[in-house]
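Take a look at the structure below.
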Amino acid sequence: PPEAVKATARHILVPTTEDANDILGKLAENSFTSLASEYSTCPSKARGGSLGSFGPGTMVKEFDDVIFSPETKMGEVVGPVKTQFGYHLIVVDKRTGGGDWY
């Protein structure tokens with residue numbers, strides 16, 4: 001059932017696409033968690049960008065579209081993704097309850 005679908009994800013939120021691309025360039029030598037703690041403008045930066053576990057419809061549409069897309073692979077950085085809040089780099093750590101959907 002749709003209510004059983006959940007995802008666990010992390011993100012880095014920055015104001016510009018240039019900021020997001022700069023951070024992407026730093027991922028080769030830095031962990032996503034440390035970069036989130038240093039650069040993200042979201043309160044989740046205190047948890048290394050972790051958003052915890054949530055279901056579809058909890059986040060803004062552009063964010064949900066990435067998180068719950070069958071094309072999005074676990075552990076890969078996706079972005080920059082533009083939303084009303086800025087630009088996100090997103091990592092999906094886990095998805096459950098989708099059955100064959102994923």
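Ordering of the structure tokens sets the chain letters (A, B, ...); residue numbers start at 1 within each chain; ligands are numbered from 1 in the order shown.
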Inset, instruction - Please provide as a ChimeraX atom specification all residues within 12 Å of A:Phe63, with the sequence filter that same-chain residues fewer than 5 positions apart are discarded (counting only C-alpha atoms). - result: /A:7,9-13,51,54-58,68-69,72,78-92
Inset, instruction - Enumerate, as number ranges by chain, the complete set of residues in chain A that a backbone-based DSSP assignment places in strand (DSSP E). - result: A: 6-14, 50-54, 77-83, 86-96
Inset, instruction - For A:Ser37, please output as a PyMOL selection string all residues within 9 Å (counting only C-alpha atoms; exclusion window: fewer than 2 positions along the same chain). - result: chain A and resi 12+32-35+39-40+44-49
Next, write the just-selected residues to a file, as an mmCIF file, in the first residue's frame, keeping all heavy atoms as the atom set.
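For reference, out14.cif as written:
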```cif
data_model
loop_
_atom_site.group_PDB
_atom_site.id
_atom_site.type_symbol
_atom_site.label_atom_id
_atom_site.label_comp_id
_atom_site.auth_asym_id
_atom_site.auth_seq_id
_atom_site.Cartn_x
_atom_site.Cartn_y
_atom_site.Cartn_z
ATOM 1 N N ILE A 12 21.944 18.331 0.848
ATOM 2 C CA ILE A 12 22.655 19.577 1.091
ATOM 3 C C ILE A 12 21.864 20.645 0.353
ATOM 4 O O ILE A 12 21.615 20.514 -0.846
ATOM 5 C CB ILE A 12 24.107 19.526 0.561
ATOM 6 C CG1 ILE A 12 24.896 18.408 1.248
ATOM 7 C CG2 ILE A 12 24.787 20.885 0.732
ATOM 8 C CD1 ILE A 12 26.272 18.153 0.632
ATOM 9 N N PHE A 32 29.915 13.266 2.074
ATOM 10 C CA PHE A 32 28.664 14.004 1.909
ATOM 11 C C PHE A 32 28.240 14.603 3.252
ATOM 12 O O PHE A 32 27.836 15.765 3.333
ATOM 13 C CB PHE A 32 27.575 13.058 1.372
ATOM 14 C CG PHE A 32 26.324 13.767 0.944
ATOM 15 C CD1 PHE A 32 26.172 14.192 -0.359
ATOM 16 C CD2 PHE A 32 25.297 14.002 1.844
ATOM 17 C CE1 PHE A 32 25.010 14.848 -0.760
ATOM 18 C CE2 PHE A 32 24.136 14.650 1.461
ATOM 19 C CZ PHE A 32 23.999 15.075 0.150
ATOM 20 N N THR A 33 28.374 13.813 4.318
ATOM 21 C CA THR A 33 27.972 14.253 5.657
ATOM 22 C C THR A 33 28.754 15.478 6.107
ATOM 23 O O THR A 33 28.180 16.442 6.625
ATOM 24 C CB THR A 33 28.159 13.091 6.663
ATOM 25 O OG1 THR A 33 27.382 11.979 6.214
ATOM 26 C CG2 THR A 33 27.723 13.480 8.054
ATOM 27 N N SER A 34 30.067 15.461 5.901
ATOM 28 C CA SER A 34 30.877 16.607 6.331
ATOM 29 C C SER A 34 30.569 17.844 5.494
ATOM 30 O O SER A 34 30.519 18.957 6.017
ATOM 31 C CB SER A 34 32.367 16.282 6.299
ATOM 32 O OG SER A 34 32.823 16.103 4.980
ATOM 33 N N LEU A 35 30.332 17.669 4.199
ATOM 34 C CA LEU A 35 29.985 18.807 3.345
ATOM 35 C C LEU A 35 28.614 19.370 3.716
ATOM 36 O O LEU A 35 28.415 20.588 3.710
ATOM 37 C CB LEU A 35 30.024 18.403 1.873
ATOM 38 C CG LEU A 35 31.419 18.110 1.322
ATOM 39 C CD1 LEU A 35 31.332 17.496 -0.066
ATOM 40 C CD2 LEU A 35 32.287 19.365 1.308
ATOM 41 N N TYR A 39 28.225 23.241 4.642
ATOM 42 C CA TYR A 39 27.672 24.157 3.647
ATOM 43 C C TYR A 39 26.142 24.274 3.598
ATOM 44 O O TYR A 39 25.623 25.267 3.092
ATOM 45 C CB TYR A 39 28.148 23.766 2.242
ATOM 46 C CG TYR A 39 29.624 23.917 2.058
ATOM 47 C CD1 TYR A 39 30.463 22.810 2.063
ATOM 48 C CD2 TYR A 39 30.190 25.172 1.888
ATOM 49 C CE1 TYR A 39 31.836 22.948 1.897
ATOM 50 C CE2 TYR A 39 31.561 25.320 1.714
ATOM 51 C CZ TYR A 39 32.377 24.204 1.717
ATOM 52 O OH TYR A 39 33.729 24.349 1.548
ATOM 53 N N SER A 40 25.419 23.274 4.057
ATOM 54 C CA SER A 40 23.967 23.296 3.902
ATOM 55 C C SER A 40 23.333 24.431 4.700
ATOM 56 O O SER A 40 23.764 24.749 5.808
ATOM 57 C CB SER A 40 23.358 21.963 4.348
ATOM 58 O OG SER A 40 21.969 21.949 4.058
ATOM 59 N N SER A 44 18.871 20.545 8.886
ATOM 60 C CA SER A 44 19.341 19.154 8.877
ATOM 61 C C SER A 44 20.866 19.071 8.833
ATOM 62 O O SER A 44 21.429 17.998 9.036
ATOM 63 C CB SER A 44 18.740 18.389 7.696
ATOM 64 O OG SER A 44 19.252 18.883 6.464
ATOM 65 N N LYS A 45 21.544 20.189 8.589
ATOM 66 C CA LYS A 45 23.014 20.182 8.556
ATOM 67 C C LYS A 45 23.592 19.687 9.869
ATOM 68 O O LYS A 45 24.664 19.098 9.895
ATOM 69 C CB LYS A 45 23.556 21.566 8.195
ATOM 70 C CG LYS A 45 23.433 22.604 9.302
ATOM 71 C CD LYS A 45 23.838 23.996 8.867
ATOM 72 C CE LYS A 45 25.319 24.159 8.914
ATOM 73 N NZ LYS A 45 25.783 25.435 8.370
ATOM 74 N N ALA A 46 22.866 19.887 10.961
ATOM 75 C CA ALA A 46 23.332 19.427 12.282
ATOM 76 C C ALA A 46 23.393 17.902 12.348
ATOM 77 O O ALA A 46 24.094 17.336 13.180
ATOM 78 C CB ALA A 46 22.422 19.956 13.376
ATOM 79 N N ARG A 47 22.665 17.237 11.446
ATOM 80 C CA ARG A 47 22.658 15.775 11.372
ATOM 81 C C ARG A 47 23.337 15.288 10.089
ATOM 82 O O ARG A 47 22.999 14.242 9.558
ATOM 83 C CB ARG A 47 21.219 15.255 11.433
ATOM 84 C CG ARG A 47 20.499 15.597 12.733
ATOM 85 C CD ARG A 47 19.064 15.091 12.762
ATOM 86 N NE ARG A 47 18.230 15.542 11.648
ATOM 87 C CZ ARG A 47 17.679 16.767 11.534
ATOM 88 N NH1 ARG A 47 17.881 17.668 12.460
ATOM 89 N NH2 ARG A 47 16.928 17.067 10.496
ATOM 90 N N GLY A 48 24.261 16.096 9.563
ATOM 91 C CA GLY A 48 24.956 15.714 8.330
ATOM 92 C C GLY A 48 24.038 15.666 7.130
ATOM 93 O O GLY A 48 24.290 14.961 6.171
ATOM 94 N N GLY A 49 22.954 16.430 7.171
ATOM 95 C CA GLY A 49 22.011 16.485 6.059
ATOM 96 C C GLY A 49 20.896 15.460 6.140
ATOM 97 O O GLY A 49 20.023 15.413 5.279
#
```
Inset, instruction - Just give me the gap between atom CA of A:Gly75 and atom CA of A:Ser50 in Å, one decimal is fine. - result: 12.9 Å
Legend entry - Length of the atom CA of A:Asn30 to atom CA of A:Lys61 vector [Å]: 28.9 Å
Legend entry - Residue nearest A:Thr96 among A:Val77, A:Val5, A:Val60, A:Leu24 (counting only C-alpha atoms):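 Closest to A:Thr96 of all the choices is A:Val5.
Between atom CA of A:Gly98 and atom CA of A:Ala4 the interatomic distance comes to 7.6 Å.
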Inset, instruction - Write out as a PyMOL selection string all residues of chain A that DSSP puts in alpha helix (DSSP H) for this structure's backbone. - result: chain A and resi 17-26+32-39+61-67
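Remark: for A:Lys26, the closest of the candidate residues A:Ser53, A:Glu38, A:Lys94, A:Ile67 is A:Glu38 (distances computed over only C-alpha atoms).
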